[in-house]
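Trainee: Data file data.cif (mmCIF, N, CA and C atoms and all ligand atoms) is appended below.
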```
data_structure
#
loop_
_atom_site.label_atom_id
_atom_site.label_comp_id
_atom_site.auth_asym_id
_atom_site.auth_seq_id
_atom_site.Cartn_x
_atom_site.Cartn_y
_atom_site.Cartn_z
N MET A 169 -16.12 38.64 -1.06
CA MET A 169 -16.35 37.88 0.18
C MET A 169 -15.54 36.58 0.15
N HIS A 170 -15.68 35.83 -0.96
CA HIS A 170 -14.97 34.57 -1.12
C HIS A 170 -13.46 34.80 -1.14
N MET A 171 -13.04 35.86 -1.86
CA MET A 171 -11.62 36.19 -1.96
C MET A 171 -11.05 36.55 -0.59
N ASP A 172 -11.86 37.31 0.20
CA ASP A 172 -11.42 37.71 1.55
C ASP A 172 -11.08 36.49 2.38
N LEU A 173 -11.97 35.52 2.34
CA LEU A 173 -11.81 34.29 3.12
C LEU A 173 -10.56 33.54 2.66
N LYS A 174 -10.38 33.51 1.34
CA LYS A 174 -9.22 32.81 0.77
C LYS A 174 -7.92 33.47 1.24
N GLU A 175 -7.93 34.83 1.18
CA GLU A 175 -6.74 35.60 1.57
C GLU A 175 -6.44 35.39 3.05
N LYS A 176 -7.51 35.40 3.86
CA LYS A 176 -7.35 35.22 5.31
C LYS A 176 -6.73 33.86 5.61
N ASN A 177 -7.25 32.83 4.95
CA ASN A 177 -6.73 31.48 5.14
C ASN A 177 -5.27 31.38 4.73
N HIS A 178 -4.95 32.03 3.61
CA HIS A 178 -3.58 32.01 3.11
C HIS A 178 -2.63 32.65 4.12
N LYS A 179 -3.06 33.82 4.67
CA LYS A 179 -2.22 34.52 5.66
C LYS A 179 -2.05 33.68 6.91
N ARG A 180 -3.16 33.03 7.34
CA ARG A 180 -3.10 32.21 8.54
C ARG A 180 -2.11 31.07 8.34
N LYS A 181 -2.14 30.49 7.15
CA LYS A 181 -1.21 29.38 6.85
C LYS A 181 0.23 29.87 6.90
N GLN A 182 0.45 31.09 6.39
CA GLN A 182 1.82 31.63 6.38
C GLN A 182 2.32 31.87 7.80
N ASN A 183 1.38 32.19 8.71
CA ASN A 183 1.79 32.51 10.08
C ASN A 183 2.08 31.27 10.92
N ILE A 184 1.59 30.11 10.46
CA ILE A 184 1.83 28.89 11.24
C ILE A 184 3.31 28.55 11.18
N TRP A 185 3.87 28.15 12.34
CA TRP A 185 5.28 27.78 12.38
C TRP A 185 5.43 26.48 11.59
N LYS A 186 6.15 26.55 10.49
CA LYS A 186 6.22 25.45 9.53
C LYS A 186 6.63 24.13 10.16
N ASN A 187 7.59 24.22 11.11
CA ASN A 187 8.10 23.01 11.72
C ASN A 187 7.01 22.26 12.48
N THR A 188 6.18 23.01 13.20
CA THR A 188 5.10 22.41 13.97
C THR A 188 4.15 21.73 13.01
N GLN A 189 3.85 22.43 11.91
CA GLN A 189 2.94 21.90 10.91
C GLN A 189 3.48 20.59 10.35
N PHE A 190 4.80 20.58 10.06
CA PHE A 190 5.42 19.38 9.50
C PHE A 190 5.34 18.23 10.50
N ARG A 191 5.65 18.53 11.77
CA ARG A 191 5.63 17.48 12.79
C ARG A 191 4.23 16.90 12.95
N LYS A 192 3.22 17.80 12.87
CA LYS A 192 1.82 17.37 12.98
C LYS A 192 1.44 16.46 11.82
N SER A 193 1.83 16.88 10.62
CA SER A 193 1.52 16.08 9.42
C SER A 193 2.20 14.72 9.50
N PHE A 194 3.45 14.72 9.96
CA PHE A 194 4.19 13.47 10.09
C PHE A 194 3.49 12.56 11.10
N GLY A 195 3.02 13.17 12.21
CA GLY A 195 2.31 12.41 13.25
C GLY A 195 1.07 11.74 12.68
N HIS A 196 0.30 12.48 11.87
CA HIS A 196 -0.92 11.89 11.28
C HIS A 196 -0.55 10.75 10.34
N ALA A 197 0.50 10.97 9.53
CA ALA A 197 0.93 9.93 8.58
C ALA A 197 1.37 8.68 9.33
N TRP A 198 2.10 8.86 10.43
CA TRP A 198 2.57 7.73 11.24
C TRP A 198 1.39 6.98 11.86
N ASP A 199 0.35 7.77 12.29
CA ASP A 199 -0.88 7.15 12.81
C ASP A 199 -1.49 6.24 11.76
N GLY A 200 -1.47 6.68 10.50
CA GLY A 200 -2.01 5.89 9.39
C GLY A 200 -1.26 4.59 9.22
N VAL A 201 0.07 4.67 9.30
CA VAL A 201 0.90 3.46 9.16
C VAL A 201 0.59 2.48 10.30
N LYS A 202 0.49 3.03 11.54
CA LYS A 202 0.21 2.17 12.71
C LYS A 202 -1.17 1.52 12.58
N THR A 203 -2.16 2.31 12.13
CA THR A 203 -3.53 1.78 12.00
C THR A 203 -3.59 0.63 11.02
N ILE A 204 -2.99 0.81 9.84
CA ILE A 204 -3.07 -0.26 8.83
C ILE A 204 -2.33 -1.51 9.32
N TRP A 205 -1.23 -1.31 10.05
CA TRP A 205 -0.46 -2.45 10.57
C TRP A 205 -1.28 -3.21 11.62
N GLN A 206 -1.96 -2.46 12.51
CA GLN A 206 -2.71 -3.09 13.59
C GLN A 206 -4.02 -3.72 13.11
N GLU A 207 -4.67 -3.07 12.13
CA GLU A 207 -6.03 -3.50 11.77
C GLU A 207 -6.12 -4.38 10.53
N GLU A 208 -5.10 -4.36 9.67
CA GLU A 208 -5.19 -5.11 8.42
C GLU A 208 -4.26 -6.32 8.41
N ARG A 209 -4.87 -7.49 8.54
CA ARG A 209 -4.08 -8.73 8.53
C ARG A 209 -3.34 -8.89 7.21
N ASN A 210 -4.03 -8.50 6.12
CA ASN A 210 -3.40 -8.63 4.79
C ASN A 210 -2.10 -7.85 4.68
N MET A 211 -2.06 -6.68 5.33
CA MET A 211 -0.83 -5.88 5.28
C MET A 211 0.31 -6.62 5.97
N ARG A 212 0.00 -7.23 7.12
CA ARG A 212 1.05 -7.99 7.84
C ARG A 212 1.50 -9.18 7.01
N ASN A 213 0.53 -9.82 6.30
CA ASN A 213 0.90 -10.94 5.42
C ASN A 213 1.82 -10.48 4.28
N HIS A 214 1.49 -9.34 3.67
CA HIS A 214 2.31 -8.83 2.57
C HIS A 214 3.74 -8.55 3.03
N VAL A 215 3.85 -7.97 4.23
CA VAL A 215 5.19 -7.65 4.75
C VAL A 215 5.95 -8.96 5.01
N ALA A 216 5.24 -9.96 5.59
CA ALA A 216 5.88 -11.25 5.87
C ALA A 216 6.34 -11.91 4.57
N PHE A 217 5.45 -11.94 3.56
CA PHE A 217 5.83 -12.56 2.27
C PHE A 217 6.92 -11.74 1.56
N GLY A 218 6.89 -10.43 1.79
CA GLY A 218 7.90 -9.56 1.18
C GLY A 218 9.30 -9.85 1.69
N MET A 219 9.36 -10.49 2.88
CA MET A 219 10.67 -10.85 3.45
C MET A 219 11.33 -11.97 2.65
N LEU A 220 10.49 -12.81 1.99
CA LEU A 220 11.05 -13.97 1.25
C LEU A 220 12.04 -13.55 0.17
N PRO A 221 11.64 -12.65 -0.78
CA PRO A 221 12.63 -12.24 -1.79
C PRO A 221 13.83 -11.51 -1.20
N ILE A 222 13.60 -10.84 -0.06
CA ILE A 222 14.73 -10.12 0.56
C ILE A 222 15.74 -11.13 1.13
N VAL A 223 15.22 -12.15 1.82
CA VAL A 223 16.11 -13.20 2.35
C VAL A 223 16.81 -13.93 1.20
N ALA A 224 16.02 -14.25 0.14
CA ALA A 224 16.60 -14.93 -1.02
C ALA A 224 17.68 -14.05 -1.67
N GLY A 225 17.43 -12.74 -1.66
CA GLY A 225 18.41 -11.80 -2.23
C GLY A 225 19.75 -11.89 -1.51
N PHE A 226 19.69 -12.03 -0.17
CA PHE A 226 20.95 -12.17 0.60
C PHE A 226 21.61 -13.52 0.31
N LEU A 227 20.78 -14.58 0.26
CA LEU A 227 21.31 -15.93 0.04
C LEU A 227 21.99 -16.05 -1.31
N PHE A 228 21.36 -15.47 -2.35
CA PHE A 228 21.90 -15.60 -3.71
C PHE A 228 22.84 -14.46 -4.09
N ARG A 229 23.08 -13.56 -3.15
CA ARG A 229 23.97 -12.41 -3.39
C ARG A 229 23.63 -11.72 -4.70
N VAL A 230 22.39 -11.20 -4.78
CA VAL A 230 21.94 -10.56 -6.02
C VAL A 230 22.70 -9.24 -6.24
N SER A 231 22.69 -8.78 -7.49
CA SER A 231 23.42 -7.55 -7.83
C SER A 231 22.64 -6.33 -7.32
N ASN A 232 23.28 -5.16 -7.39
CA ASN A 232 22.65 -3.93 -6.93
C ASN A 232 21.35 -3.65 -7.67
N ILE A 233 21.38 -3.83 -9.00
CA ILE A 233 20.19 -3.53 -9.81
C ILE A 233 19.06 -4.51 -9.46
N GLU A 234 19.44 -5.79 -9.18
CA GLU A 234 18.42 -6.77 -8.78
C GLU A 234 17.82 -6.42 -7.41
N TRP A 235 18.67 -5.90 -6.51
CA TRP A 235 18.17 -5.44 -5.19
C TRP A 235 17.13 -4.34 -5.38
N ILE A 236 17.47 -3.38 -6.25
CA ILE A 236 16.57 -2.24 -6.47
C ILE A 236 15.22 -2.73 -7.00
N VAL A 237 15.26 -3.65 -7.98
CA VAL A 237 14.01 -4.17 -8.56
C VAL A 237 13.20 -4.92 -7.50
N LEU A 238 13.88 -5.77 -6.71
CA LEU A 238 13.18 -6.58 -5.70
C LEU A 238 12.52 -5.69 -4.64
N VAL A 239 13.29 -4.72 -4.14
CA VAL A 239 12.76 -3.84 -3.09
C VAL A 239 11.59 -3.01 -3.65
N LEU A 240 11.72 -2.55 -4.90
CA LEU A 240 10.63 -1.79 -5.54
C LEU A 240 9.37 -2.64 -5.62
N CYS A 241 9.52 -3.91 -6.02
CA CYS A 241 8.36 -4.81 -6.15
C CYS A 241 7.68 -5.00 -4.79
N VAL A 242 8.47 -5.24 -3.76
CA VAL A 242 7.90 -5.46 -2.42
C VAL A 242 7.13 -4.21 -1.97
N PHE A 243 7.74 -3.04 -2.18
CA PHE A 243 7.07 -1.80 -1.76
C PHE A 243 5.83 -1.52 -2.61
N LEU A 244 5.86 -1.93 -3.87
CA LEU A 244 4.70 -1.74 -4.75
C LEU A 244 3.49 -2.50 -4.21
N VAL A 245 3.71 -3.73 -3.74
CA VAL A 245 2.61 -4.52 -3.17
C VAL A 245 2.09 -3.82 -1.90
N ILE A 246 3.02 -3.35 -1.07
CA ILE A 246 2.63 -2.69 0.19
C ILE A 246 1.83 -1.42 -0.12
N ILE A 247 2.28 -0.65 -1.10
CA ILE A 247 1.58 0.59 -1.46
C ILE A 247 0.18 0.27 -2.01
N MET A 248 0.08 -0.81 -2.81
CA MET A 248 -1.24 -1.20 -3.34
C MET A 248 -2.18 -1.61 -2.20
N GLU A 249 -1.63 -2.24 -1.15
CA GLU A 249 -2.46 -2.61 0.00
C GLU A 249 -2.95 -1.36 0.74
N PHE A 250 -2.09 -0.34 0.80
CA PHE A 250 -2.52 0.94 1.39
C PHE A 250 -3.71 1.48 0.59
N LEU A 251 -3.59 1.50 -0.75
CA LEU A 251 -4.65 2.06 -1.60
C LEU A 251 -5.93 1.22 -1.46
N ASN A 252 -5.77 -0.11 -1.40
CA ASN A 252 -6.91 -1.01 -1.24
C ASN A 252 -7.65 -0.69 0.07
N THR A 253 -6.89 -0.50 1.13
CA THR A 253 -7.50 -0.22 2.43
C THR A 253 -8.20 1.15 2.42
N ILE A 254 -7.59 2.12 1.74
CA ILE A 254 -8.22 3.45 1.63
C ILE A 254 -9.58 3.30 0.94
N ILE A 255 -9.60 2.55 -0.17
CA ILE A 255 -10.85 2.38 -0.94
C ILE A 255 -11.90 1.64 -0.10
N GLU A 256 -11.48 0.57 0.58
CA GLU A 256 -12.41 -0.19 1.44
C GLU A 256 -13.01 0.72 2.51
N THR A 257 -12.16 1.54 3.12
CA THR A 257 -12.62 2.40 4.21
C THR A 257 -13.62 3.44 3.70
N VAL A 258 -13.29 4.06 2.56
CA VAL A 258 -14.19 5.09 2.01
C VAL A 258 -15.51 4.46 1.56
N VAL A 259 -15.43 3.27 0.95
CA VAL A 259 -16.66 2.59 0.52
C VAL A 259 -17.53 2.27 1.73
N ASP A 260 -16.91 1.75 2.81
CA ASP A 260 -17.68 1.43 4.02
C ASP A 260 -18.32 2.69 4.61
N MET A 261 -17.57 3.82 4.54
CA MET A 261 -18.11 5.07 5.08
C MET A 261 -19.32 5.52 4.25
N VAL A 262 -19.18 5.45 2.92
CA VAL A 262 -20.26 5.93 2.03
C VAL A 262 -21.49 5.02 2.12
N THR A 263 -21.26 3.69 2.15
CA THR A 263 -22.40 2.76 2.13
C THR A 263 -22.93 2.46 3.53
N ASN A 264 -22.14 2.84 4.54
CA ASN A 264 -22.49 2.51 5.93
C ASN A 264 -22.73 0.99 6.08
N TYR A 265 -21.90 0.21 5.41
CA TYR A 265 -21.92 -1.26 5.45
C TYR A 265 -23.18 -1.87 4.82
N GLU A 266 -23.93 -1.06 4.05
CA GLU A 266 -25.08 -1.61 3.32
C GLU A 266 -24.60 -2.17 1.99
N TYR A 267 -25.29 -3.20 1.49
CA TYR A 267 -24.88 -3.77 0.20
C TYR A 267 -25.18 -2.80 -0.93
N HIS A 268 -24.20 -2.63 -1.84
CA HIS A 268 -24.41 -1.84 -3.06
C HIS A 268 -23.53 -2.45 -4.16
N PRO A 269 -24.11 -2.67 -5.36
CA PRO A 269 -23.31 -3.29 -6.42
C PRO A 269 -22.06 -2.48 -6.78
N LEU A 270 -22.14 -1.15 -6.68
CA LEU A 270 -20.96 -0.33 -7.01
C LEU A 270 -19.89 -0.44 -5.92
N ALA A 271 -20.35 -0.66 -4.68
CA ALA A 271 -19.39 -0.87 -3.57
C ALA A 271 -18.64 -2.17 -3.83
N LYS A 272 -19.38 -3.18 -4.28
CA LYS A 272 -18.75 -4.47 -4.59
C LYS A 272 -17.73 -4.29 -5.72
N LYS A 273 -18.16 -3.54 -6.76
CA LYS A 273 -17.26 -3.32 -7.91
C LYS A 273 -15.97 -2.63 -7.46
N ALA A 274 -16.12 -1.55 -6.67
CA ALA A 274 -14.94 -0.78 -6.23
C ALA A 274 -14.01 -1.64 -5.39
N LYS A 275 -14.59 -2.38 -4.44
CA LYS A 275 -13.76 -3.21 -3.55
C LYS A 275 -13.09 -4.35 -4.30
N ASP A 276 -13.85 -4.99 -5.21
CA ASP A 276 -13.27 -6.12 -5.96
C ASP A 276 -12.13 -5.64 -6.86
N ILE A 277 -12.31 -4.48 -7.49
CA ILE A 277 -11.25 -3.95 -8.38
C ILE A 277 -10.03 -3.58 -7.55
N ALA A 278 -10.25 -2.97 -6.39
CA ALA A 278 -9.13 -2.59 -5.53
C ALA A 278 -8.35 -3.84 -5.09
N ALA A 279 -9.09 -4.88 -4.72
CA ALA A 279 -8.44 -6.14 -4.32
C ALA A 279 -7.72 -6.75 -5.52
N GLY A 280 -8.34 -6.62 -6.70
CA GLY A 280 -7.71 -7.13 -7.93
C GLY A 280 -6.38 -6.45 -8.21
N ALA A 281 -6.31 -5.15 -7.92
CA ALA A 281 -5.07 -4.40 -8.14
C ALA A 281 -3.94 -4.96 -7.27
N VAL A 282 -4.29 -5.33 -6.04
CA VAL A 282 -3.27 -5.92 -5.13
C VAL A 282 -2.82 -7.27 -5.68
N LEU A 283 -3.81 -8.05 -6.14
CA LEU A 283 -3.50 -9.39 -6.67
C LEU A 283 -2.57 -9.31 -7.89
N VAL A 284 -2.91 -8.40 -8.82
CA VAL A 284 -2.10 -8.25 -10.04
C VAL A 284 -0.67 -7.82 -9.67
N THR A 285 -0.55 -6.91 -8.71
CA THR A 285 0.79 -6.45 -8.30
C THR A 285 1.57 -7.58 -7.64
N ALA A 286 0.88 -8.39 -6.83
CA ALA A 286 1.57 -9.53 -6.18
C ALA A 286 2.04 -10.53 -7.23
N CYS A 287 1.19 -10.78 -8.26
CA CYS A 287 1.59 -11.70 -9.34
C CYS A 287 2.80 -11.15 -10.09
N PHE A 288 2.78 -9.85 -10.34
CA PHE A 288 3.90 -9.18 -11.02
C PHE A 288 5.19 -9.41 -10.23
N THR A 289 5.09 -9.28 -8.90
CA THR A 289 6.26 -9.46 -8.04
C THR A 289 6.78 -10.90 -8.13
N VAL A 290 5.86 -11.86 -8.16
CA VAL A 290 6.27 -13.27 -8.27
C VAL A 290 7.00 -13.50 -9.59
N VAL A 291 6.49 -12.92 -10.69
CA VAL A 291 7.13 -13.07 -12.00
C VAL A 291 8.55 -12.49 -11.97
N ILE A 292 8.67 -11.28 -11.40
CA ILE A 292 10.00 -10.64 -11.32
C ILE A 292 10.95 -11.50 -10.48
N ALA A 293 10.43 -12.02 -9.34
CA ALA A 293 11.27 -12.86 -8.47
C ALA A 293 11.72 -14.11 -9.23
N ALA A 294 10.80 -14.68 -10.03
CA ALA A 294 11.16 -15.87 -10.80
C ALA A 294 12.24 -15.54 -11.83
N ILE A 295 12.12 -14.39 -12.49
CA ILE A 295 13.12 -13.99 -13.49
C ILE A 295 14.50 -13.85 -12.83
N ILE A 296 14.51 -13.32 -11.62
CA ILE A 296 15.79 -13.09 -10.94
C ILE A 296 16.36 -14.39 -10.35
N PHE A 297 15.48 -15.17 -9.67
CA PHE A 297 16.01 -16.29 -8.89
C PHE A 297 16.08 -17.63 -9.64
N LEU A 298 15.16 -17.84 -10.60
CA LEU A 298 15.16 -19.15 -11.28
C LEU A 298 16.50 -19.49 -11.94
N PRO A 299 17.09 -18.58 -12.74
CA PRO A 299 18.38 -18.93 -13.35
C PRO A 299 19.46 -19.25 -12.31
N LYS A 300 19.43 -18.53 -11.19
CA LYS A 300 20.43 -18.76 -10.13
C LYS A 300 20.19 -20.13 -9.49
N LEU A 301 18.90 -20.45 -9.30
CA LEU A 301 18.53 -21.74 -8.70
C LEU A 301 18.93 -22.89 -9.61
N ILE A 302 18.65 -22.73 -10.92
CA ILE A 302 18.98 -23.77 -11.91
C ILE A 302 20.50 -23.99 -11.93
N LYS A 303 21.22 -22.87 -11.90
CA LYS A 303 22.69 -22.94 -11.92
C LYS A 303 23.22 -23.69 -10.68
N LEU A 304 22.55 -23.46 -9.57
CA LEU A 304 22.97 -24.07 -8.30
C LEU A 304 22.71 -25.57 -8.30
N VAL A 305 21.56 -25.98 -8.88
CA VAL A 305 21.14 -27.37 -8.85
C VAL A 305 21.88 -28.23 -9.89
N PHE A 306 22.02 -27.66 -11.12
CA PHE A 306 22.63 -28.46 -12.20
C PHE A 306 24.11 -28.15 -12.43
N1 LIG B 401 -20.95 -2.62 0.87
C1 LIG B 401 -20.74 -3.67 0.07
N2 LIG B 401 -21.57 -3.90 -0.97
C2 LIG B 401 -21.37 -4.97 -1.78
N3 LIG B 401 -20.37 -5.86 -1.66
C3 LIG B 401 -19.50 -5.66 -0.66
C4 LIG B 401 -19.63 -4.57 0.26
N4 LIG B 401 -18.62 -4.64 1.15
C5 LIG B 401 -17.89 -5.71 0.80
N5 LIG B 401 -18.39 -6.31 -0.28
C6 LIG B 401 -17.86 -7.54 -0.96
O1 LIG B 401 -17.17 -8.32 -0.01
C7 LIG B 401 -15.78 -8.44 -0.37
C8 LIG B 401 -14.93 -8.36 0.87
O2 LIG B 401 -15.04 -7.06 1.40
P1 LIG B 401 -14.25 -6.59 2.69
O3 LIG B 401 -14.57 -5.17 2.95
O4 LIG B 401 -14.52 -7.56 3.80
O5 LIG B 401 -12.77 -6.68 2.23
P2 LIG B 401 -11.75 -7.91 2.37
O6 LIG B 401 -11.69 -8.63 1.06
O7 LIG B 401 -12.08 -8.68 3.61
O8 LIG B 401 -10.40 -7.15 2.50
P3 LIG B 401 -9.51 -6.99 3.80
O9 LIG B 401 -9.27 -8.40 4.31
O10 LIG B 401 -8.31 -6.31 3.25
O11 LIG B 401 -10.30 -6.15 4.76
C9 LIG B 401 -15.52 -7.29 -1.37
O12 LIG B 401 -14.47 -7.60 -2.25
C10 LIG B 401 -16.88 -7.20 -2.05
O13 LIG B 401 -16.97 -8.17 -3.08
#
```
Please rewrite the model in this file as structure tokens.
Ligand SMILES: Nc1ncnc2c1ncn2[C@@H]1O[C@H](COP(=O)(O)OP(=O)(O)OP(=O)(O)O)[C@@H](O)[C@H]1O
Mentor:
Amino acid sequence: MHMDLKEKNHKRKQNIWKNTQFRKSFGHAWDGVKTIWQEERNMRNHVAFGMLPIVAGFLFRVSNIEWIVLVLCVFLVIIMEFLNTIIETVVDMVTNYEYHPLAKKAKDIAAGAVLVTACFTVVIAAIIFLPKLIKLVF
């Protein structure tokens, strides 16, 4: 019985026009990006602050490898904010906005992950830009 259902589902999936499926999946993913942009102020702040190392990168004419590291760091913070928002949303759904010590733990740790990643980005930016700045000033 269980196998029949599995086989039926598998066949149904094979019959779906792959392109339509892909377009649908892309549409849902894009909805997610729009939602986090519209509803999460922190995400907009991260993107705004992420512009700073990018602008500095142009001003100081950083090398290709430095560009790769900087862009990776900026995207790492953005990805961590996505994960933080996912955790916050699931916790709110499970707790229905009621206080729970484990909800606090999950949300605080998720926020901590964003903070640690942002600090990491600042350290990397300092490693890249401080020597250039010192050279420029002295
Ligand atoms: N259900 C809950 N139970 C216990 N503590 C909670 C709960 N919801 C939130 N908190 C506490 O309040 C803090 C803020 O939670 P909130 O959901 O408002 O996220 P936030 O820090 O405002 O993040 P963002 O601004 O990205 O939405 C959490 O880090 C946690 O310490």
Trainee: Ranking A:Gly280, A:Pro269, A:Pro299, A:Gly225 by minimum distance to ligand LIG 401 (chain B) and counting only C-alpha atoms and all ligand atoms, which one comes first?
Mentor: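 Of the candidates, the smallest distance to ligand LIG 401 (chain B) is held by A:Pro269.
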Trainee: If you count only N, CA and C atoms and all ligand atoms, which residues end up within 5 Å of ligand LIG 401 (chain B), as a list of chain:residue names?
Mentor: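 So the residues close to ligand LIG 401 (chain B) are A:Tyr265, A:Glu266, A:Tyr267, A:His268, A:Ala271, A:Lys272, A:Lys275, A:Asp276.
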Trainee: May I ask which of the residues A:Trp205, A:Phe243, A:Phe190, A:Trp235 is the closest one to Phe297 in chain A, counting only C-alpha atoms?
Mentor: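 The answer is A:Trp235, which sits nearest to Phe297 in chain A.
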Trainee: Go through A:Glu234, A:Glu208, A:Ile247, A:Glu175 and flag the residue nearest Ala286 in chain A, using only C-alpha atoms for the distances.
Mentor: A:Ile247
Trainee: May I ask which of the residues A:Met211, A:Leu298, A:Ala216, A:Val282 is the closest one to Leu244 in chain A, counting all atoms listed in the file?
Mentor: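 Smallest separation from Leu244 in chain A among the options: A:Val282.
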Trainee: At what distance in Å, to one decimal, does CA of Ala274 in chain A lie from atom C of Glu256 in chain A?
Mentor: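 Going from atom C of Glu256 in chain A over to CA of Ala274 in chain A, I get 9.1 Å.
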Trainee: What is the atom N of Leu283 in chain A-CA of Phe228 in chain A distance in Å, reported with one decimal?
Mentor: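 Atom-to-atom, atom N of Leu283 in chain A and CA of Phe228 in chain A are spaced 26.9 Å apart.
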Trainee: Could you state the separation of CA of Arg212 in chain A and CA of Thr263 in chain A in Å, given to one decimal place?
Mentor: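 We find that CA of Arg212 in chain A and CA of Thr263 in chain A lie 26.4 Å from each other.
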Trainee: Where's the centre, and what are the edge lengths in Å to one decimal, of a box along x, y and z enclosing all listed atoms of range 266-278 of chain A padded 3 Å per side, as AutoDock Vina command-line options?
Mentor:
```
--center_x -16.8 --center_y -3.2 --center_z -2.2 --size_x 22.9 --size_y 11.8 --size_z 18.4
```
Trainee: Looking at A:Ile302, A:Ser193, A:Thr253, A:Asn232, which one is nearest to Arg209 in chain A, with distances taken over only C-alpha atoms?
Mentor: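 Selected residue with least distance to Arg209 in chain A: A:Thr253.
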Trainee: Set the distance at 6.5 Å and use only N, CA and C atoms: which residues neighbour Gly218 in chain A once local chain neighbours fewer than 5 positions away are removed? I'd like the list as a ChimeraX atom specification.
Mentor: /A:213,223,242
Trainee: Considering only C-alpha atoms, can you say which of A:Val258, A:Leu270, A:Leu251, A:Cys241 comes closest to Phe288 in chain A?
Mentor: A:Cys241
